[in-house]
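Novice: Let me begin by handing over the structure; questions about it come next.
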Amino acid sequence: MSKKNYILEMFPYPSGNIHMGHVRNYVIGDICARYHKLKGDDVIHPMGWDAFGLPAENAAIQFKTHPQDWTLSNIQNMKSQLQKLELDLDWDKELATCNEDYYRYQQELFIDLYNAGLAYKKDALVNWDPVDQTVLANEQVIDGRGWRTGAQVEKKNLSQWFFKITHYAEELLNDLDKLELWPEKVKTMQRNWIGKSYGAEIKFKISGENEYLNIFTTRPDTIYGATFIAVSVNHPIVKKSLSNFEIENIKKEFERMDGDKEKLGYKIKLSCDHPILSKKIPIYIANFVLDTYGEGAIFGCPAHDERDFDFAKKYSLPIIKVIDCDDNQLPFTEDGLLVNSPLLNGLNKNEAIKKIILFLKKEKIGDEKINYKIRDWGVSRQRYWGCPIPVIYYNDGSYRVLDKSELPVLLPYDVNLEGKGNALLNLSGWRNIVCPKTNQPAQRETDTLDTFVDSSWYYIRFLNNKLSKPFDVEQVNEFLPVDKYIGGIEHAILHLLYSRFFMKALRDIYSLKVDEPFKQLFTQGMITHKTYRTKKNEWIMPKEIISKDGKLFRIKDSEPVEEGPSEKMSKSKKNVIEPDEILDNYGIDATRIFMISDSPPDRELEWTDEGIQSSKNLIHRIERYFSKPMTDLKDDTEKNVEKFVNNIEKNILNFSLNKCVADIYTLFNYLEKENIYLYNSKLSNKILICIFPIIPTLSISLNKYLFNSSNFKEWPSIKTDLLIEDEINLPIQIHGKLITTIQTKKGYDEKIILDDIYKLDKIKNKINDKKIVKVINVQDKIINIIIS
RNA sequence: GCGCCAGUGGCGGAAUGGUAGACGCGCUGGUCUUAGGAACCAGUGGGCAACCGUGGGGGUUCGAGUCCCUCCUGGCGCACCA
């Protein structure tokens, strides 16, 4: 049975046009897919569309069209652009997430997750993007701003749907170790995001009340140094001592400070009893306490924490040293011996942590605790163009998740997108229904699912896009994980973490045998291009520029142009190269060659006119080569072709595609230098097969021309005996420095060859009257002579 | 601040601890052509040379671009994470 091989590129968002980044991505995948097909593997290589999402809605408003029309026509256009690239894709597996036959099965999965306790609804303080008028997941907030709009994110309390990704926090973390074929960088980013830390949870009794404040700390050993408590402004305790008006004012004050590291605090009336010492410590609302981490409350130990130290200084709070150090070392955050801590004196950090936890446990005021930074995934989006969440609400506020038999909940087409916010809210005809189960009036959920939900399982749906259920268990067990997943590193956390969560959740719900969705992850680098602008800071497209006497000018008005650094291609900087134009001018093969030739695929590729031109020259050169009549071979011709086959194979498997291009040059340099023309010999056939994955159109046309054949047999098996070199160039070193080399046969006799070596002038001159102390002969590799 | 990755000719980049600079671009000289974003030939790390050369300094080794320590520089990610 042939080996399955699932090769997948991250599917595109149908924004309108294919860009060069897509081309590079899909060429890399296409080379793999073509190679594996020649190897006889059962290759799956599908393509689809990540078709829901905000840009469609925004474009619809701007261009007075409909998100669906806009999206579907973009898909059509981009598909025809992809087809121009003649990629070897399984178009029969195509899917678009905005189509009913995709998202209705996603609604089924939502129900599955709900029934498994992995989807739930709660009031939560969420990240609100005021421009897009929707909630964002934590992962989508960057530096306090929305990842798409760049708008300052606001905190808002809304009832939202969540997926319980925290349930898998530990497994998501541990299984990263199993992903040997993932870049270390991505794994590190995910580890940091999950953010596991060991510590303790300690209960602080609120003075005079029968209530406690829970606090997570990684440094319970410093408990004797606690001189204040600080809580987030959103902590429940705040509501007990301040009015809403006061709280709002504090929030505003904090927001004004945002971005700054300046500490700000407000003391409240309540205080806590120190859990061990009989004293009261004040409670502050502080701007540096995160409400999304731990319990949203900390105890401040100013002597041994920088932030607490700053805060204590500003508000003149006591600083009690509990780890031995010089006073000028404060705040001292390193390991040391405990002082001023009756139970812990003389212990080091780890010993003290162990001991204090035992004590807290015994006193029932605390325990060991592992905390994760990762929060549950908020999936509700207050937008129209997404997958409807299959839930209805009754007038009493209760809700019901629909049965699978009640699906699909279709996204209505006729909506008015002109208003602010979610158009579904105003669509009473769609929204108001009578519940078929209770016969009571009810309203549909108007939030839609985050589009990252769509992309969390599309690789599963690809296996059978026509099935009348989300997927087939047997098929998933057989074909997953995806063997090679290729895409941009910008999805290192979001998409890749969500997909891993989905795979694990579905595994548990459907008893799948798959733990991880992507066995190998390859992150390709971006494409950059020089930027150009006039003195007036107008960006200019490269094709608008002419070079005169080494200076650059804008063609239309001879305005001088300055060349800037190479940056990621972007429309705003006008340094974009359009794939359509390149394909028309240079053809598919030259485009493919350039996509892989100048840099390793995981690094940045700088677009240059010389680069694409030399790629085209290579294509012409190969064409010319095969048009010349056959000549005799030389002794080493077959060996060189074998080496070529071997290298290409090795380099495709390693994703060292830039080296594949070098291999092609090396082969043709040799053949032309030696005046060996292979025309339609057996060796030509081998060469054509090997270049087929890389430059398929040329390879196919040469195959037709030379062999009158329209298909290729399998990848050539390598004659390994031919790869062995018997003649070698043996380097001779003295003290590890190269002096000369000699031609010899492998398996030489050390004594005999040394006699010859000592006769060499270069060696003789070096040795002179000195004594030979030692000779290191690494057989068939190198000889190193040590002299006195 | 923390973490990760990287630093090799004019440029992009090659080098299982064993001849540093494969291959390409660019450049120099020449050939061919009515012309060519073409092709062909020769050359191209530095230095006249002995020699010197993989960010700096140490170390391990017969031998280091590669391994270890340390510092510097750059990129990316996270960032008041208790």
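FYI, nothing fancy with the structure tokens labels: chains A, B, ... in order, residues from 1 per chain, ligands from 1 as they appear.
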Counting only C-alpha atoms (C1' of nucleotides), what is within 6 Å of range 649-658 of chain A, bar same-chain residues fewer than 2 positions away, as a count of residues only?

Specialist: 7

Novice: Determine which residues of chain B sit within 9 Å of chain A, taking into account only C-alpha atoms (C1' of nucleotides), and present them as a ChimeraX atom specification.

Specialist: /B:3-5,12-14,18-19,22-25,37-38,62-63,77-78,80-82

Novice: Please indicate the distance in Å from C1' of C40 in chain B to CA of Glu672 in chain A, rounded to one decimal place.

Specialist: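 Atom-to-atom, C1' of C40 in chain B to CA of Glu672 in chain A, that is 11.1 Å.
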
Novice: Just want the 12 Å neighbourhood of U73 in chain B, counted on only C-alpha atoms (C1' of nucleotides), with same-chain residues fewer than 4 positions away dropped. Output as a PyMOL selection string.

Specialist: chain B and resi 6-7+55-56

Novice: Pick the closest to A15 in chain B from B:G65, B:G59, B:G43, B:G36: which is it, counting only C-alpha atoms (C1' of nucleotides)?

Specialist: B:G65

Novice: Just the number, please: distance in Å from CA of Pro318 in chain A to CA of Tyr224 in chain A, one decimal.

Specialist: 12.1 Å

Novice: Report the residues of range 271-500 of chain A whose backbone DSSP state falls under strand (DSSP E), written as a PyMOL selection string.

Specialist: chain A and resi 271-273+280-286+297-300+366-372+377-378+380-381+387-388+391-394+399-401+432-434+441-444+448-449+482-488

Novice: Store the residues picked out above, limited to N, CA and C atoms, as a short mmCIF file (atom, residue, chain, number, x, y, z; two decimals), in the first residue's frame.

Specialist:
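Dumped to result.cif:
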```cif
data_model
loop_
_atom_site.label_atom_id
_atom_site.label_comp_id
_atom_site.auth_asym_id
_atom_site.auth_seq_id
_atom_site.Cartn_x
_atom_site.Cartn_y
_atom_site.Cartn_z
N SER A 271 -9.05 46.34 54.68
CA SER A 271 -7.67 45.87 54.77
C SER A 271 -7.68 44.38 55.04
N CYS A 272 -6.52 43.76 54.97
CA CYS A 272 -6.43 42.32 55.20
C CYS A 272 -5.61 42.03 56.45
N ASP A 273 -5.88 40.87 57.05
CA ASP A 273 -5.00 40.39 58.11
C ASP A 273 -3.86 39.64 57.45
N LYS A 280 -2.31 44.17 60.34
CA LYS A 280 -3.19 44.45 59.20
C LYS A 280 -2.36 45.04 58.07
N ILE A 281 -2.70 44.68 56.88
CA ILE A 281 -2.01 45.32 55.76
C ILE A 281 -3.04 45.94 54.82
N PRO A 282 -2.71 47.11 54.30
CA PRO A 282 -3.69 47.87 53.50
C PRO A 282 -3.95 47.25 52.12
N ILE A 283 -5.12 47.53 51.59
CA ILE A 283 -5.46 47.08 50.23
C ILE A 283 -5.50 48.29 49.31
N TYR A 284 -4.83 48.16 48.18
CA TYR A 284 -4.85 49.21 47.17
C TYR A 284 -5.47 48.69 45.88
N ILE A 285 -6.07 49.60 45.15
CA ILE A 285 -6.38 49.29 43.75
C ILE A 285 -5.19 49.81 42.97
N ALA A 286 -4.56 48.94 42.18
CA ALA A 286 -3.34 49.39 41.52
C ALA A 286 -3.40 49.14 40.02
N ALA A 297 -5.16 39.74 41.92
CA ALA A 297 -4.75 40.36 43.19
C ALA A 297 -3.36 39.85 43.55
N ILE A 298 -2.58 40.70 44.16
CA ILE A 298 -1.24 40.29 44.58
C ILE A 298 -1.01 40.73 46.01
N PHE A 299 -0.03 40.07 46.65
CA PHE A 299 0.47 40.70 47.87
C PHE A 299 1.79 41.35 47.49
N GLY A 300 2.01 42.52 48.00
CA GLY A 300 3.21 43.25 47.65
C GLY A 300 4.31 43.01 48.65
N GLY A 366 -4.01 28.12 52.47
CA GLY A 366 -3.34 28.19 51.17
C GLY A 366 -2.91 26.83 50.72
N ASP A 367 -2.43 26.78 49.50
CA ASP A 367 -1.98 25.49 48.93
C ASP A 367 -1.08 25.77 47.73
N GLU A 368 -0.42 24.71 47.35
CA GLU A 368 0.36 24.75 46.13
C GLU A 368 -0.56 25.07 44.96
N LYS A 369 -0.07 25.78 43.98
CA LYS A 369 -0.95 26.07 42.84
C LYS A 369 -0.13 26.24 41.57
N ILE A 370 -0.67 25.70 40.50
CA ILE A 370 -0.06 25.93 39.18
C ILE A 370 -0.97 26.89 38.44
N ASN A 371 -0.40 27.92 37.92
CA ASN A 371 -1.21 28.93 37.23
C ASN A 371 -0.81 28.99 35.76
N TYR A 372 -1.79 29.22 34.90
CA TYR A 372 -1.51 29.38 33.47
C TYR A 372 -1.91 30.77 33.03
N TRP A 377 -10.89 30.72 25.31
CA TRP A 377 -10.95 31.39 24.01
C TRP A 377 -12.36 31.97 23.81
N GLY A 378 -12.45 33.30 23.83
CA GLY A 378 -13.73 33.94 23.57
C GLY A 378 -14.02 33.92 22.08
N SER A 380 -17.23 34.65 20.56
CA SER A 380 -18.36 35.44 20.06
C SER A 380 -17.86 36.68 19.35
N ARG A 381 -18.44 36.93 18.20
CA ARG A 381 -18.10 38.16 17.47
C ARG A 381 -19.40 38.86 17.10
N CYS A 387 -19.98 32.54 11.00
CA CYS A 387 -20.82 31.36 11.22
C CYS A 387 -21.78 31.61 12.38
N PRO A 388 -23.10 31.54 12.14
CA PRO A 388 -24.05 31.77 13.23
C PRO A 388 -23.87 30.73 14.34
N VAL A 391 -27.74 28.87 18.79
CA VAL A 391 -28.32 29.01 20.13
C VAL A 391 -29.53 29.92 20.03
N ILE A 392 -30.56 29.66 20.86
CA ILE A 392 -31.68 30.60 20.95
C ILE A 392 -31.89 31.02 22.40
N TYR A 393 -32.48 32.21 22.55
CA TYR A 393 -32.71 32.77 23.88
C TYR A 393 -34.19 32.96 24.09
N TYR A 394 -34.65 32.64 25.31
CA TYR A 394 -36.04 32.85 25.66
C TYR A 394 -36.18 34.20 26.36
N TYR A 399 -31.32 30.18 27.81
CA TYR A 399 -31.01 29.87 26.41
C TYR A 399 -31.01 28.37 26.17
N ARG A 400 -31.04 27.99 24.92
CA ARG A 400 -30.96 26.59 24.57
C ARG A 400 -30.04 26.44 23.35
N VAL A 401 -29.05 25.55 23.48
CA VAL A 401 -28.22 25.21 22.33
C VAL A 401 -29.05 24.27 21.47
N ASN A 432 -36.33 36.65 15.40
CA ASN A 432 -37.42 36.20 16.25
C ASN A 432 -38.03 34.92 15.70
N ILE A 433 -38.04 33.92 16.53
CA ILE A 433 -38.63 32.65 16.11
C ILE A 433 -39.53 32.11 17.22
N VAL A 434 -40.25 31.06 16.90
CA VAL A 434 -40.97 30.34 17.95
C VAL A 434 -40.23 29.03 18.12
N PRO A 441 -41.92 32.04 22.32
CA PRO A 441 -41.13 32.95 21.49
C PRO A 441 -39.67 32.94 21.94
N ALA A 442 -38.80 33.08 20.97
CA ALA A 442 -37.37 33.06 21.30
C ALA A 442 -36.63 33.90 20.28
N GLN A 443 -35.40 34.24 20.65
CA GLN A 443 -34.56 34.98 19.69
C GLN A 443 -33.29 34.21 19.40
N ARG A 444 -32.88 34.30 18.16
CA ARG A 444 -31.61 33.64 17.80
C ARG A 444 -30.43 34.43 18.36
N THR A 448 -21.72 35.87 15.89
CA THR A 448 -21.20 34.80 15.03
C THR A 448 -19.86 34.34 15.58
N LEU A 449 -19.37 33.24 15.06
CA LEU A 449 -18.13 32.68 15.59
C LEU A 449 -16.90 33.38 15.01
N VAL A 482 -1.75 16.15 9.36
CA VAL A 482 -1.18 16.70 8.14
C VAL A 482 0.34 16.48 8.22
N ASP A 483 0.91 15.95 7.14
CA ASP A 483 2.34 15.64 7.20
C ASP A 483 3.21 16.88 7.12
N LYS A 484 2.85 17.74 6.16
CA LYS A 484 3.64 18.98 6.03
C LYS A 484 2.69 20.14 5.93
N TYR A 485 2.82 21.07 6.86
CA TYR A 485 1.94 22.23 6.88
C TYR A 485 2.82 23.46 6.68
N ILE A 486 2.50 24.21 5.66
CA ILE A 486 3.39 25.30 5.27
C ILE A 486 2.64 26.62 5.32
N GLY A 487 3.22 27.60 5.98
CA GLY A 487 2.55 28.89 6.05
C GLY A 487 3.40 29.92 6.77
N GLY A 488 2.81 31.06 7.01
CA GLY A 488 3.56 32.16 7.61
C GLY A 488 3.64 32.03 9.12
#
```

Novice: Counting only C-alpha atoms (C1' of nucleotides), what is within 10 Å of Ser717 in chain A, bar same-chain residues fewer than 5 positions away, as a ChimeraX atom specification?

Specialist: /A:39,642,645-646,686

Novice: I'd like the contact shell of Lys164 in chain A - 12 Å cut-off, only C-alpha atoms (C1' of nucleotides), skipping same-chain residues fewer than 2 positions apart - returned as a list in words.

Specialist: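 Returned residues: Phe110, Leu113, Tyr114, Ala116, Gly117, Leu118, Ala119, Tyr120, Lys121, Lys122, Trp161, Phe162, Thr166, His167, Tyr168, Ala169, Ile374, Arg375, Asp376, Trp377, Gly378, Val379, Tyr498, Phe501, Phe502, Lys504 and Ala505 of chain A.
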
Novice: Applying 12 Å and only C-alpha atoms (C1' of nucleotides), which residues near G53 in chain B remain after dropping the ones on its own chain fewer than 4 positions away? List them as a ChimeraX atom specification.

Specialist: /B:8-9,20-21,45-47,65

Novice: For those residues, write N, CA and C atoms (P, O5', C5', C4', C3', O3' and C1' of nucleotides) to a file as a tab-separated table (two decimals), in the first residue's frame.

Specialist:
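Output file part20.tsv follows:
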```tsv
chain	number	residue	atom	x	y	z
B	8	U	P	27.35	38.06	8.28
B	8	U	O5'	28.45	36.94	8.04
B	8	U	C5'	29.78	37.15	8.50
B	8	U	C4'	30.71	36.21	7.80
B	8	U	C3'	30.84	36.44	6.31
B	8	U	O3'	31.81	37.44	6.06
B	8	U	C1'	30.53	34.14	6.72
B	9	G	P	31.40	38.81	5.37
B	9	G	O5'	31.48	38.36	3.84
B	9	G	C5'	31.34	39.31	2.87
B	9	G	C4'	32.64	39.48	2.11
B	9	G	C3'	32.49	40.45	0.97
B	9	G	O3'	33.73	41.13	0.82
B	9	G	C1'	33.19	38.35	0.16
B	20	A	P	40.62	25.31	4.48
B	20	A	O5'	39.16	25.94	4.48
B	20	A	C5'	38.74	26.70	3.37
B	20	A	C4'	37.24	26.74	3.36
B	20	A	C3'	36.66	27.54	2.21
B	20	A	O3'	36.46	26.70	1.11
B	20	A	C1'	35.72	28.28	4.26
B	21	G	P	36.60	27.21	-0.34
B	21	G	O5'	35.37	28.19	-0.46
B	21	G	C5'	34.03	27.71	-0.29
B	21	G	C4'	33.11	28.89	-0.29
B	21	G	C3'	33.22	29.75	-1.53
B	21	G	O3'	32.28	29.25	-2.46
B	21	G	C1'	33.15	31.08	0.46
B	45	G	P	38.02	35.62	-5.07
B	45	G	O5'	37.71	36.30	-3.66
B	45	G	C5'	36.59	37.14	-3.50
B	45	G	C4'	36.70	37.89	-2.21
B	45	G	C3'	38.03	38.63	-2.03
B	45	G	O3'	37.99	39.91	-2.64
B	45	G	C1'	37.59	37.34	-0.11
B	46	G	P	39.32	40.52	-3.25
B	46	G	O5'	40.13	40.85	-1.92
B	46	G	C5'	39.68	41.89	-1.04
B	46	G	C4'	40.66	42.05	0.09
B	46	G	C3'	42.11	42.27	-0.34
B	46	G	O3'	42.35	43.62	-0.66
B	46	G	C1'	42.04	40.63	1.34
B	47	G	P	43.33	43.96	-1.83
B	47	G	O5'	44.73	43.44	-1.25
B	47	G	C5'	45.36	44.16	-0.19
B	47	G	C4'	46.62	43.44	0.23
B	47	G	C3'	47.60	43.11	-0.91
B	47	G	O3'	48.37	44.23	-1.30
B	47	G	C1'	47.40	41.25	0.53
B	65	G	P	37.25	27.99	11.87
B	65	G	O5'	35.88	28.70	11.53
B	65	G	C5'	35.46	29.83	12.30
B	65	G	C4'	33.98	30.01	12.20
B	65	G	C3'	33.15	28.99	12.99
B	65	G	O3'	32.99	29.42	14.32
B	65	G	C1'	32.32	29.16	10.78
```

Novice: Which residue is closest to C27 in chain B? Choose from B:C69, B:C11, B:A50, B:C2 and count only C-alpha atoms (C1' of nucleotides).

Specialist: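 Result for the nearest residue to C27 in chain B: B:C11.
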
Novice: Suppose you want the space between CA of Tyr102 in chain A and CA of Asn465 in chain A; what is it in Å?

Specialist: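 It comes out at 7.8 Å.
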
Novice: With distances taken over only C-alpha atoms (C1' of nucleotides), which residue among B:C52, B:G30, B:G1, B:G17 lies nearest U66 in chain B?

Specialist: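 Counting only C-alpha atoms (C1' of nucleotides), the residue closest to U66 in chain B is B:G17.
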
Novice: As a ChimeraX atom specification, please: the residues near Lys251 in chain A (cut-off 9 Å, only C-alpha atoms (C1' of nucleotides), same-chain neighbours under 5 positions excluded).

Specialist: /A:233-234,246,256,287

Novice: Taking the backbone alone, and naming residues the way the document does, which bits of range 557-630 of chain A are alpha helix (DSSP H) by DSSP, as a PyMOL selection string?

Specialist: chain A and resi 579-597+609-627
